[in-house]
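Q: Once you've had a glance at the structure underneath, I'll fire off some questions.
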There are 2 protein chains.
Amino acid sequence: MAAREPRDMAWNGWGDPAAAAPLPDAVTGLLRDLLGVRPSPTPQVALERVEVRDVRLGDDDVAALAAAVGGGHVRTDAEARIRHTRGKSTPDLLRIRAGETADAPDAVVLPGSHDEVLEVLRVCSERRIAVVPFGGGTSVVGGLTPDGEGFTGVIALDLRRMDALVAVDPVSRTATLQPGLRGPRAEALLAEHGFTLGHFPQSYEWATIGGFAAARSSGQASAGYGRFDEMVVGLTVATPRGTLETGRAPRSAAGPDLRQLVLGSEGAFGVITSVTVRVQPVPKTTSYEGWRFASFGEGSAALRRLAQGGSLPAVLRLSDETETAIGLAKPDRIGDGSASGCLAIVGYEGEAADAAERKARIRLALREAGGELLGSEPGEGWEHGRFNAPYLRDALLDVGALVETLETATFWSAVPALYEAVREALTTTLNDEGTPPVVMCHISHVYATGASLYFTVVSAQGEDAVAHWRRAKDAACDAIIAAGGTISHHHGVGTDHRSWYATEIGPLGVDVLRAVKESLDPAGVLNPGVLLTPQR
Amino acid sequence: MAAREPRDMAWNGWGDPAAAAPLPDAVTGLLRDLLGVRPSPTPQVALERVEVRDVRLGDDDVAALAAAVGGGHVRTDAEARIRHTRGKSTPDLLRIRAGETADAPDAVVLPGSHDEVLEVLRVCSERRIAVVPFGGGTSVVGGLTPDGEGFTGVIALDLRRMDALVAVDPVSRTATLQPGLRGPRAEALLAEHGFTLGHFPQSYEWATIGGFAAARSSGQASAGYGRFDEMVVGLTVATPRGTLETGRAPRSAAGPDLRQLVLGSEGAFGVITSVTVRVQPVPKTTSYEGWRFASFGEGSAALRRLAQGGSLPAVLRLSDETETAIGLAKPDRIGDGSASGCLAIVGYEGEAADAAERKARIRLALREAGGELLGSEPGEGWEHGRFNAPYLRDALLDVGALVETLETATFWSAVPALYEAVREALTTTLNDEGTPPVVMCHISHVYATGASLYFTVVSAQGEDAVAHWRRAKDAACDAIIAAGGTISHHHGVGTDHRSWYATEIGPLGVDVLRAVKESLDPAGVLNPGVLLTPQR
């Protein structure tokens with residue numbers, strides 16, 4: 001097998017394999033006693049023993065791709081193909097752990113420039129080869145699981161070679177980044193100029209700039225820095241029909257905002273080859289603290305007050321009673337009952353004077369809203385573990401638990417009903433399956449008019465863990481749509497959410513997107529089945 | 001002729017005919033002496049003497065429209081048709097003042113509900129009747145001047161009957177408004193609930209909620225309240241193919257943001273029949289003050305500092321040296337040389353304590369950036385006359401001057417070059433025409449990454465004032481695109497900016513919009529020629 005790229009992600013789990021850590025025995029015991037979690041009877045398959053089907057592409061296909069990107073940048077070896085099989089949802093992990101690689105691409109193609117991407121798209125359109133744009137590979141909604149039916153083959157278009165900081169404009173405070181830059185590398189390059197993007201989703205360490213844009217990402221500091229779609233001021237997109245460039249000004253009244261049509265297009269309209277983003281000075285100070293509220297309702301009202309008052313900290317999140325009691329961020333304390341009420345994490349960043357002034361205003365508002373300051377320890381604990389939850393998921397899967405997350409958003413007045421509806425759907429379905437779950441929730445992002453809800457579910461895996469979760473997830477998605485929420489606040493649509501998405505935007509919305517896709521991708525090779533059901 | 005609707009706008013000028021005021025004689029003298037402005041040889045035509053061509057629609061067409069909206073709501077009388085002829089750009093006014101009504105619609109149709117709009121669109125698609133959605137009629141970019149070629153006729157779809165506040169959600173701070181509500185009426189209805197939209201473009205007194213959305217409007221208090229496109233959280237759109245509803249959450253990662261595809265679509269994709277907007281409490285205090293900066297560059301840097309520091313007032317604008325010296329807001333002082341440097345207007349709104357704290361922060365930043373506080377008089381003067389500039393234009397046209405505005409936006413680092421390029425284009429062209437102009441400019445809207453530039457031009461009219469201005473405007477538009485600016489920051493595309501817009505978004509951008517239009521409006525009846533060149 002070919003040598004691994006440096007810092008390749010675990011092929012069958014999250015992140016850096018060296019960073020994985022087993023669960024404390026006490027937690028394993030609790031999961032067994034409380035949820036009936038038993039070790040999975042199917043041991044994990046070793047990478048060397050995983051099989052992939054024969055490459056369906058012909059030698060002439062591979063030669064044409066190699067002519068586009070250079071021979072060394074088309075890989076058809078098993079390891080490369082396995083490492084580009086699907087994303088990182090729990091069903092994705094369960095299937096790849098079992099050695100199931102039905103969705104493996106036939107080849108991995110690594111372009112080095114916008115023009116090479118254009119040429120790959122031309123070749124693939126001509127030869128009817130499906131193209132899966134691949135950034136960090138961190139999709140949790142089936143965004144890397146195309147419907148390859150009717151195509152000659154499927155390639156993963158891995159953008160890791162396009163990882164430059166192209167330009168910084170310190171006056172306008174913008175930077176132009178290539179799509180294959182991972183979060184930490186982008187931050188390191190910007191920091192050389194004194195800037196930060198301030199975008200820290202949980203996938204930050206592995207996900208890429210292009211992926212943030214394509215999936216309409218939202219980071220943990222969105223209260224202070226905004227969502228990724230709010231940071232983007234310009235995009236260059238390679239499509240089978242040529243180049244689309246958008247963004248000549250911060251804002252414009254010249255027609256619809258085409259940037260907002262590309263953002264969230266999840267590779268179905270084109271491949272984002274350049275992203276110009278708003279940047280901000282690296283904050284001089286950062287501090288995080290915990291607050292306790294008596295209930296999720298009281299805490300929600302406090303967050304709403306901050307969002308509507310216009311004084312938001314950089315980080316703002318609120319766990320419900322269950323999530324607070326369990327304290328997933330500190331697995332060694334799970335179940336010790338040290339937490340009561342609802343924990344909020346509040347983070348301040350910026351110039352020292354500004355941050356202090358802002359902190360004073362926000363603390364006053366939180367106190368008036370019933371909050372009790374817990375000091376910096378819970379905030380720093382959260383900060384320390386902010387990117388670790390996916391590792392914890394691996395450890396839980398290792399001991400036979402089923403664990404997954406899902407999320408939505410709605411307007412403030414609808415938040416309580418949406419919260420109850422999703423909890424109820426998950427709890428009822430998993431109870432009926434004979435695997436009573438723990439359902440936790442937090443508000444992860446707030447706006448003046450509403451908020452997102454992020455749910456984490458843990459239960460036993462049941463006989464067929466993938467099908468088991470599918471039933472619970474379907475019920476939750478039905479509940480989200482029935483309660484008026486959006487099917488995703490920041491994970492995206494992918495293939496997993498496609499049918500609810502169609503309900504959310506309605507038949508005319510689907511037609512509009514289909515028309516856009518057909519105009520840019522007449523052969524339909526770009527991520528078929530993502531966002532929209534393919535038409536045959 | 002039919003009786004006028006109450007508060008109809010002047011048919012051949014701006015706003016309320018009773019509010020028109022002639023220029024002071026001294027100003028007329030200055031215009032004559034400095035710019036060679038002479039009274040126009042063509043006296044204005046009286047409304048009663050204006051002729052319109054015969055209605056092209058057949059009796060069956062009118063009957064079908066009457067069946068959709070009720071017989072009393074289809075008007076084919078000359079006055080109604082004249083009052084719905086084009087918008088309020090200077091060329092529009094020059095042509096209608098001369099009695100030129102070639103673009104008059106054949107009928108004015110006034111639907112009372114979303115379903116009636118759907119039915120009108122069905123009838124018009126079937127009968128190939130072009131439809132011009134008509135809100136306040138305040139377009140200054142030819143947005144109400146469709147290309148009727150190949151159609152049976154043209155109707156203006158006047159939405160004034162759809163003028164209700166549908167719902168207020170005080171928890172989420174949103175309100176749902178019908179499209180025909182004019183700005184002041186919308187504010188009055190919201191004020192009954194303690195809320196304001198905070199959207200005050202210069203057209204505020206006449207323009208409508210639907211128009212704000214369709215044209216991607218931006219108001220004078222955009223620094224504090226945001227652009228209209230940022231206020232919109234949901235839209236309902238009637239199209240020839242049915243209803244499109246968008247906006248289930250403040251923000252979503254469920255695909256592209258379809259709201260941002262409707263916003264700025266200028267009636268070419270559908271008729272906006274409902275707009276849900278973010279609202280805010282009516283501010284307890286408002287105050288406006290003037291600041292002087294030594295130069296436009298110094299003032300721009302000060303505004304940039306505020307925008308990038310994140311402490312913005314509600315209103316923030318900066319006139320260049322010429323605009324400051326002339327002081328258009330006070331025509332009785334024009335040319336008295338009382339102003340030097342560059343005048344900025346800064347407005348504070350909000351809760352008393354918050355506003356005071358914010359004011360202190362902003363004043364400190366402006367002082368550090370070289371600003372000199374001029375006190376409240378210039379700010380209050382601006383506030384008093386903030387909606388009056390279009391009346392002044394009427395008075396200037398009356399005495400034979402040519403006066404028009406145009407605007408653009410770009411990133412901060414490109415602002416100086418864009419400013420110079422547009423000034424140069426206007427000055428050179430009008431000098432070459434033998435009518436040396438005065439070119440004034442102000443920054444009207446600021447963002448962290450850039451700003452808008454709003455130009456006002458005054459000169460003599462020349463022999464053919466419309467053609468004369470067209471040459472100057474073309475040169476300015478060429479300069480905007482060459483300098484990398486957007487062809488419009490808040491006026492829109494309409495028919496006037498169409499060719500530059502096509503350059504701005506490129507052929508693929510045009511194809512995408514064409515595909516969207518064809519999917520929603522297969523017969524192409526909606527505002528043909530607006531945004532996109534019709535295909536025949």
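Ordered as shown in the structure tokens, chains take letters A, B, and onward, while each chain numbers its residues from 1 and ligands are numbered from 1 in the order shown.
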Please tabulate, as CSV, the residues of chain A that come within 7 Å of chain B, each with its closest pair of atoms and the distance in Å to one decimal, counting only C-alpha atoms and ordering rows by chain, then residue number upward.
A:
residue,atom,partner,partner_atom,distance
A:Val171,CA,B:Ser413,CA,5.5
A:Ser172,CA,B:Thr449,CA,4.6
A:Arg173,CA,B:Thr449,CA,5.9
A:Thr174,CA,B:Thr449,CA,6.7
A:Ala215,CA,B:Ala253,CA,6.7
A:Arg216,CA,B:Ala253,CA,5.2
A:Ser217,CA,B:Ala253,CA,6.9
A:Leu244,CA,B:Leu508,CA,6.0
A:Glu245,CA,B:Ile505,CA,6.9
A:Thr246,CA,B:Ile505,CA,6.5
A:Arg248,CA,B:Thr486,CA,5.6
A:Ala249,CA,B:Thr410,CA,4.3
A:Pro250,CA,B:Gly450,CA,5.9
A:Arg251,CA,B:His489,CA,6.6
A:Ser252,CA,B:His489,CA,4.3
A:Ala253,CA,B:His490,CA,4.6
A:Ala254,CA,B:Gly492,CA,5.2
A:Gly255,CA,B:Gly264,CA,4.4
A:Pro256,CA,B:Gly264,CA,4.6
A:Asp257,CA,B:Gln260,CA,5.6
A:Gln260,CA,B:Asp257,CA,5.6
A:Leu261,CA,B:Pro256,CA,4.7
A:Val262,CA,B:Pro256,CA,6.4
A:Leu263,CA,B:Pro256,CA,5.7
A:Gly264,CA,B:Gly255,CA,4.4
A:Ser265,CA,B:Gly255,CA,5.7
A:Arg278,CA,B:Thr449,CA,6.7
A:Ala409,CA,B:Ala249,CA,5.7
A:Thr410,CA,B:Ala249,CA,4.3
A:Phe411,CA,B:Ala249,CA,5.7
A:Trp412,CA,B:Ser172,CA,4.7
A:Ser413,CA,B:Ser172,CA,5.5
A:Tyr447,CA,B:Pro250,CA,6.8
A:Thr449,CA,B:Ser172,CA,4.6
A:Gly450,CA,B:Pro250,CA,5.9
A:Gly484,CA,B:Arg248,CA,6.4
A:Gly485,CA,B:Arg248,CA,5.9
A:Thr486,CA,B:Arg248,CA,5.6
A:Ile487,CA,B:Ala254,CA,6.4
A:Ser488,CA,B:Ala254,CA,5.3
A:His489,CA,B:Ser252,CA,4.3
A:His490,CA,B:Ala253,CA,4.6
A:His491,CA,B:Ala253,CA,6.4
A:Gly492,CA,B:Ala253,CA,4.8
A:Val493,CA,B:Ala254,CA,5.4
A:Tyr501,CA,B:Ala254,CA,6.8
A:Ile505,CA,B:Thr246,CA,6.5
A:Leu508,CA,B:Leu244,CA,5.9
A:Gly509,CA,B:Leu244,CA,6.5
A:Asp511,CA,B:Ser519,CA,6.6
A:Val512,CA,B:Val516,CA,5.5
A:Ala515,CA,B:Ala515,CA,5.4
A:Val516,CA,B:Val512,CA,5.5
A:Ser519,CA,B:Val512,CA,6.0
A:Leu531,CA,B:Gly255,CA,6.9
Q: Extract, using only C-alpha atoms, all DNA, RNA and protein residues at most 12 Å from Val403 (chain B), discarding same-chain residues fewer than 3 positions from it, and format them as a PyMOL selection string.
A: chain B and resi 31+35+37+89-91+93-94+328+389-400+406+437-440+455-462+465-466+468-469+472-473
Q: Just list as a PyMOL selection string whatever in region 129-315 of chain B DSSP marks as strand (DSSP E).
A: chain B and resi 129-134+153-158+165-169+174-177+195-196+232-239+242-246+271-278+280-281+285-293+315
Q: Mind checking DSSP for region 53-264 of chain A and telling me the alpha helix (DSSP H) residues as number ranges by chain?
A: A: 59-69, 78-83, 90-97, 114-127, 183-191, 209-214, 222-225, 228-231, 259-262
Q: Extract, using only C-alpha atoms, all DNA, RNA and protein residues at most 8 Å from Cys441 (chain B), discarding same-chain residues fewer than 6 positions from it, and format them as a list of chain:residue names.
A: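 The filter keeps B:Ser319, B:Asp320, B:Thr322, B:Glu323, B:Leu453, B:Tyr454, B:Phe455, B:Thr456.
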Q: Leaving out Ala98 (chain B) and any residue of its chain fewer than 5 positions from it, which residues lie within 12 Å of it when counting only C-alpha atoms, given as a list in words?
A: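 Once the nearby chain positions are removed, what remains is Trp11, Asn12, Gly13, Ser40, Pro41, Thr42, Pro43, Gln44, Val45, Ala46, Leu47, Arg49, Val50, Glu51, Pro91, Asp92, Leu93, Asp464, Ala465 and Val466 of chain B.
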Q: May I have the residues from that selection written out with C-alpha atoms, as a PDB file, in the first residue's frame?
A:
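Once written, out_10.pdb looks like this:
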ATOM      1  CA  TRP B  11     -47.095  61.670 -11.460  1.00  0.00           C
ATOM      2  CA  ASN B  12     -44.157  63.635 -12.851  1.00  0.00           C
ATOM      3  CA  GLY B  13     -41.940  64.186  -9.836  1.00  0.00           C
ATOM      4  CA  SER B  40     -35.365  74.205 -20.092  1.00  0.00           C
ATOM      5  CA  PRO B  41     -37.022  75.332 -23.328  1.00  0.00           C
ATOM      6  CA  THR B  42     -39.642  72.575 -23.076  1.00  0.00           C
ATOM      7  CA  PRO B  43     -42.340  73.477 -20.567  1.00  0.00           C
ATOM      8  CA  GLN B  44     -43.843  70.636 -18.594  1.00  0.00           C
ATOM      9  CA  VAL B  45     -46.897  68.974 -20.023  1.00  0.00           C
ATOM     10  CA  ALA B  46     -50.020  68.966 -17.860  1.00  0.00           C
ATOM     11  CA  LEU B  47     -51.365  65.574 -16.796  1.00  0.00           C
ATOM     12  CA  ARG B  49     -52.748  66.681 -21.943  1.00  0.00           C
ATOM     13  CA  VAL B  50     -50.550  63.574 -21.662  1.00  0.00           C
ATOM     14  CA  GLU B  51     -51.454  60.910 -24.175  1.00  0.00           C
ATOM     15  CA  PRO B  91     -34.347  60.164 -17.108  1.00  0.00           C
ATOM     16  CA  ASP B  92     -37.728  58.755 -16.023  1.00  0.00           C
ATOM     17  CA  LEU B  93     -38.735  62.201 -14.763  1.00  0.00           C
ATOM     18  CA  ASP B 464     -31.012  66.258 -25.107  1.00  0.00           C
ATOM     19  CA  ALA B 465     -30.874  65.850 -21.355  1.00  0.00           C
ATOM     20  CA  VAL B 466     -31.673  62.127 -21.372  1.00  0.00           C
TER      21      VAL B 466
END
Q: For the atom pair CA of Val123 (chain A) and CA of Ile155 (chain A), what is the interatomic distance in Å to one decimal place?
A: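 Between CA of Val123 (chain A) and CA of Ile155 (chain A) the gap is 11.6 Å.
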Q: Near region 112-118 of chain A, counting only C-alpha atoms, which residues have an atom at most 8 Å away, once you skip same-chain residues fewer than 4 positions from it, shown as JSON, numbers by chain?
A: {"A": [68, 69, 122, 159, 161, 162, 238, 239, 240, 242, 243, 271, 273]}
Q: Mind pulling up the distance from CA of Gly180 (chain A) to CA of Asp60 (chain A)?
A: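 So the two atoms, CA of Asp60 (chain A) and CA of Gly180 (chain A), lie 27.4 Å apart.
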Q: Identify which of the residues A:Gly219, A:Gly183, A:Gly148, A:Gly290 lies closest to Trp206 (chain A), counting only C-alpha atoms when measuring atom-to-atom distances.
A: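 Smallest distance to Trp206 (chain A) is found for A:Gly183.
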Q: Contacts of Gly297 (chain B) at 12 Å or less, counting only C-alpha atoms, minus same-chain residues fewer than 5 places along, as a list in words?
A: Ala302, Leu303, Arg304, Leu318, Ser319, Asp320, Glu321, Gly341, Cys342, Ala369, Gly370, Gly371, Trp412, Ser413, Val415, Pro416, Ala417, Tyr419, Glu420, His442 and Ile443 of chain B
Q: Restricting it to N, CA, C and O atoms, dump the selection as a CSV table (one decimal), in the first residue's frame.
A:
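part.csv, freshly written:
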chain,number,residue,atom,x,y,z
B,302,ALA,N,-11.6,56.9,9.6
B,302,ALA,CA,-12.3,56.9,10.8
B,302,ALA,C,-13.5,56.0,10.8
B,302,ALA,O,-13.8,55.3,11.7
B,303,LEU,N,-14.2,56.1,9.7
B,303,LEU,CA,-15.4,55.2,9.5
B,303,LEU,C,-15.0,53.7,9.5
B,303,LEU,O,-15.6,52.9,10.1
B,304,ARG,N,-13.9,53.5,8.8
B,304,ARG,CA,-13.4,52.1,8.7
B,304,ARG,C,-13.0,51.6,10.1
B,304,ARG,O,-13.3,50.5,10.5
B,318,LEU,N,-20.4,60.0,5.6
B,318,LEU,CA,-19.3,61.0,5.4
B,318,LEU,C,-19.4,61.6,4.0
B,318,LEU,O,-19.3,60.9,3.0
B,319,SER,N,-19.5,62.9,4.0
B,319,SER,CA,-19.5,63.6,2.7
B,319,SER,C,-18.1,64.0,2.3
B,319,SER,O,-17.2,64.3,3.2
B,320,ASP,N,-17.8,64.0,1.0
B,320,ASP,CA,-16.5,64.4,0.6
B,320,ASP,C,-16.4,66.0,0.6
B,320,ASP,O,-17.4,66.6,1.0
B,321,GLU,N,-15.3,66.5,0.3
B,321,GLU,CA,-15.0,67.9,0.4
B,321,GLU,C,-16.1,68.7,-0.4
B,321,GLU,O,-16.6,69.7,0.1
B,341,GLY,N,-13.4,71.0,4.9
B,341,GLY,CA,-13.1,69.7,5.3
B,341,GLY,C,-14.3,68.8,4.9
B,341,GLY,O,-14.9,69.0,3.9
B,342,CYS,N,-14.5,67.7,5.6
B,342,CYS,CA,-15.5,66.7,5.3
B,342,CYS,C,-16.4,66.5,6.5
B,342,CYS,O,-16.0,66.2,7.6
B,369,ALA,N,-9.3,59.4,15.7
B,369,ALA,CA,-9.1,59.3,14.3
B,369,ALA,C,-9.0,60.7,13.7
B,369,ALA,O,-9.0,60.8,12.4
B,370,GLY,N,-9.0,61.7,14.5
B,370,GLY,CA,-8.8,63.1,13.9
B,370,GLY,C,-10.1,63.9,13.8
B,370,GLY,O,-10.1,65.0,13.2
B,371,GLY,N,-11.2,63.3,14.2
B,371,GLY,CA,-12.5,64.1,14.0
B,371,GLY,C,-12.6,65.2,15.0
B,371,GLY,O,-12.1,65.2,16.1
B,412,TRP,N,-12.5,48.2,1.3
B,412,TRP,CA,-11.8,49.4,1.8
B,412,TRP,C,-10.6,49.8,1.0
B,412,TRP,O,-10.4,50.9,0.7
B,413,SER,N,-9.7,48.8,0.7
B,413,SER,CA,-8.5,49.1,0.1
B,413,SER,C,-8.7,49.7,-1.3
B,413,SER,O,-7.9,50.4,-1.9
B,415,VAL,N,-11.4,51.6,-2.1
B,415,VAL,CA,-12.3,52.7,-2.1
B,415,VAL,C,-11.7,54.0,-2.7
B,415,VAL,O,-12.3,54.6,-3.6
B,416,PRO,N,-10.4,54.3,-2.4
B,416,PRO,CA,-9.9,55.6,-3.0
B,416,PRO,C,-9.8,55.5,-4.5
B,416,PRO,O,-10.2,56.5,-5.2
B,417,ALA,N,-9.4,54.4,-5.1
B,417,ALA,CA,-9.3,54.3,-6.6
B,417,ALA,C,-10.7,54.3,-7.2
B,417,ALA,O,-10.9,55.0,-8.3
B,419,TYR,N,-13.4,55.8,-6.0
B,419,TYR,CA,-13.8,57.2,-5.9
B,419,TYR,C,-13.3,58.0,-7.0
B,419,TYR,O,-14.0,58.7,-7.7
B,420,GLU,N,-12.0,57.9,-7.2
B,420,GLU,CA,-11.3,58.8,-8.2
B,420,GLU,C,-11.8,58.4,-9.6
B,420,GLU,O,-12.1,59.3,-10.5
B,442,HIS,N,-20.7,60.8,-1.1
B,442,HIS,CA,-20.6,60.5,0.3
B,442,HIS,C,-20.5,59.0,0.5
B,442,HIS,O,-21.0,58.2,-0.4
B,443,ILE,N,-19.9,58.6,1.6
B,443,ILE,CA,-20.0,57.2,2.0
B,443,ILE,C,-21.3,57.0,2.8
B,443,ILE,O,-21.5,57.7,3.8
Q: At a cut-off of 10 Å, using only C-alpha atoms, what residues contact Asp474 (chain A)? Leave out same-chain residues fewer than 4 positions from it and give the result as JSON, numbers by chain.
A: {"A": [425, 426, 429, 469, 470, 478, 479, 480, 496, 497, 500]}
Q: Residues of the last selection are to be written out with N, CA, C and O atoms, as a PDB file, in the first residue's frame.
A:
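Okay, selection-v4.pdb is ready:
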ATOM      1  N   ALA A 425     -39.242  12.297  20.246  1.00  0.00           N
ATOM      2  CA  ALA A 425     -39.101  11.378  19.108  1.00  0.00           C
ATOM      3  C   ALA A 425     -37.940  10.417  19.342  1.00  0.00           C
ATOM      4  O   ALA A 425     -38.061   9.206  19.104  1.00  0.00           O
ATOM      5  N   LEU A 426     -36.830  10.931  19.810  1.00  0.00           N
ATOM      6  CA  LEU A 426     -35.658  10.077  20.035  1.00  0.00           C
ATOM      7  C   LEU A 426     -35.914   9.096  21.170  1.00  0.00           C
ATOM      8  O   LEU A 426     -35.613   7.900  21.067  1.00  0.00           O
ATOM      9  N   THR A 429     -38.680   6.388  20.213  1.00  0.00           N
ATOM     10  CA  THR A 429     -38.220   5.405  19.235  1.00  0.00           C
ATOM     11  C   THR A 429     -37.214   4.446  19.855  1.00  0.00           C
ATOM     12  O   THR A 429     -37.303   3.219  19.671  1.00  0.00           O
ATOM     13  N   TRP A 469     -30.163   3.114  14.549  1.00  0.00           N
ATOM     14  CA  TRP A 469     -30.033   4.574  14.600  1.00  0.00           C
ATOM     15  C   TRP A 469     -30.866   5.222  13.513  1.00  0.00           C
ATOM     16  O   TRP A 469     -31.467   6.269  13.722  1.00  0.00           O
ATOM     17  N   ARG A 470     -30.926   4.608  12.359  1.00  0.00           N
ATOM     18  CA  ARG A 470     -31.696   5.178  11.253  1.00  0.00           C
ATOM     19  C   ARG A 470     -33.146   5.414  11.671  1.00  0.00           C
ATOM     20  O   ARG A 470     -33.730   6.457  11.396  1.00  0.00           O
ATOM     21  N   ASP A 478     -38.359  13.767  11.276  1.00  0.00           N
ATOM     22  CA  ASP A 478     -39.794  14.026  11.106  1.00  0.00           C
ATOM     23  C   ASP A 478     -40.269  15.056  12.132  1.00  0.00           C
ATOM     24  O   ASP A 478     -41.032  15.974  11.808  1.00  0.00           O
ATOM     25  N   ALA A 479     -39.800  14.901  13.355  1.00  0.00           N
ATOM     26  CA  ALA A 479     -40.226  15.810  14.427  1.00  0.00           C
ATOM     27  C   ALA A 479     -39.720  17.224  14.168  1.00  0.00           C
ATOM     28  O   ALA A 479     -40.431  18.205  14.410  1.00  0.00           O
ATOM     29  N   ILE A 480     -38.510  17.333  13.683  1.00  0.00           N
ATOM     30  CA  ILE A 480     -37.948  18.661  13.392  1.00  0.00           C
ATOM     31  C   ILE A 480     -38.792  19.384  12.354  1.00  0.00           C
ATOM     32  O   ILE A 480     -39.171  20.552  12.528  1.00  0.00           O
ATOM     33  N   ASP A 496     -28.125  12.206   3.738  1.00  0.00           N
ATOM     34  CA  ASP A 496     -28.945  11.764   4.876  1.00  0.00           C
ATOM     35  C   ASP A 496     -30.211  12.601   5.059  1.00  0.00           C
ATOM     36  O   ASP A 496     -31.239  12.084   5.489  1.00  0.00           O
ATOM     37  N   HIS A 497     -30.122  13.919   4.814  1.00  0.00           N
ATOM     38  CA  HIS A 497     -31.246  14.811   5.115  1.00  0.00           C
ATOM     39  C   HIS A 497     -32.066  15.176   3.875  1.00  0.00           C
ATOM     40  O   HIS A 497     -32.950  16.029   3.949  1.00  0.00           O
ATOM     41  N   TRP A 500     -36.025  15.234   3.894  1.00  0.00           N
ATOM     42  CA  TRP A 500     -36.607  16.293   4.742  1.00  0.00           C
ATOM     43  C   TRP A 500     -36.296  17.670   4.173  1.00  0.00           C
ATOM     44  O   TRP A 500     -37.099  18.581   4.272  1.00  0.00           O
TER      45      TRP A 500
END
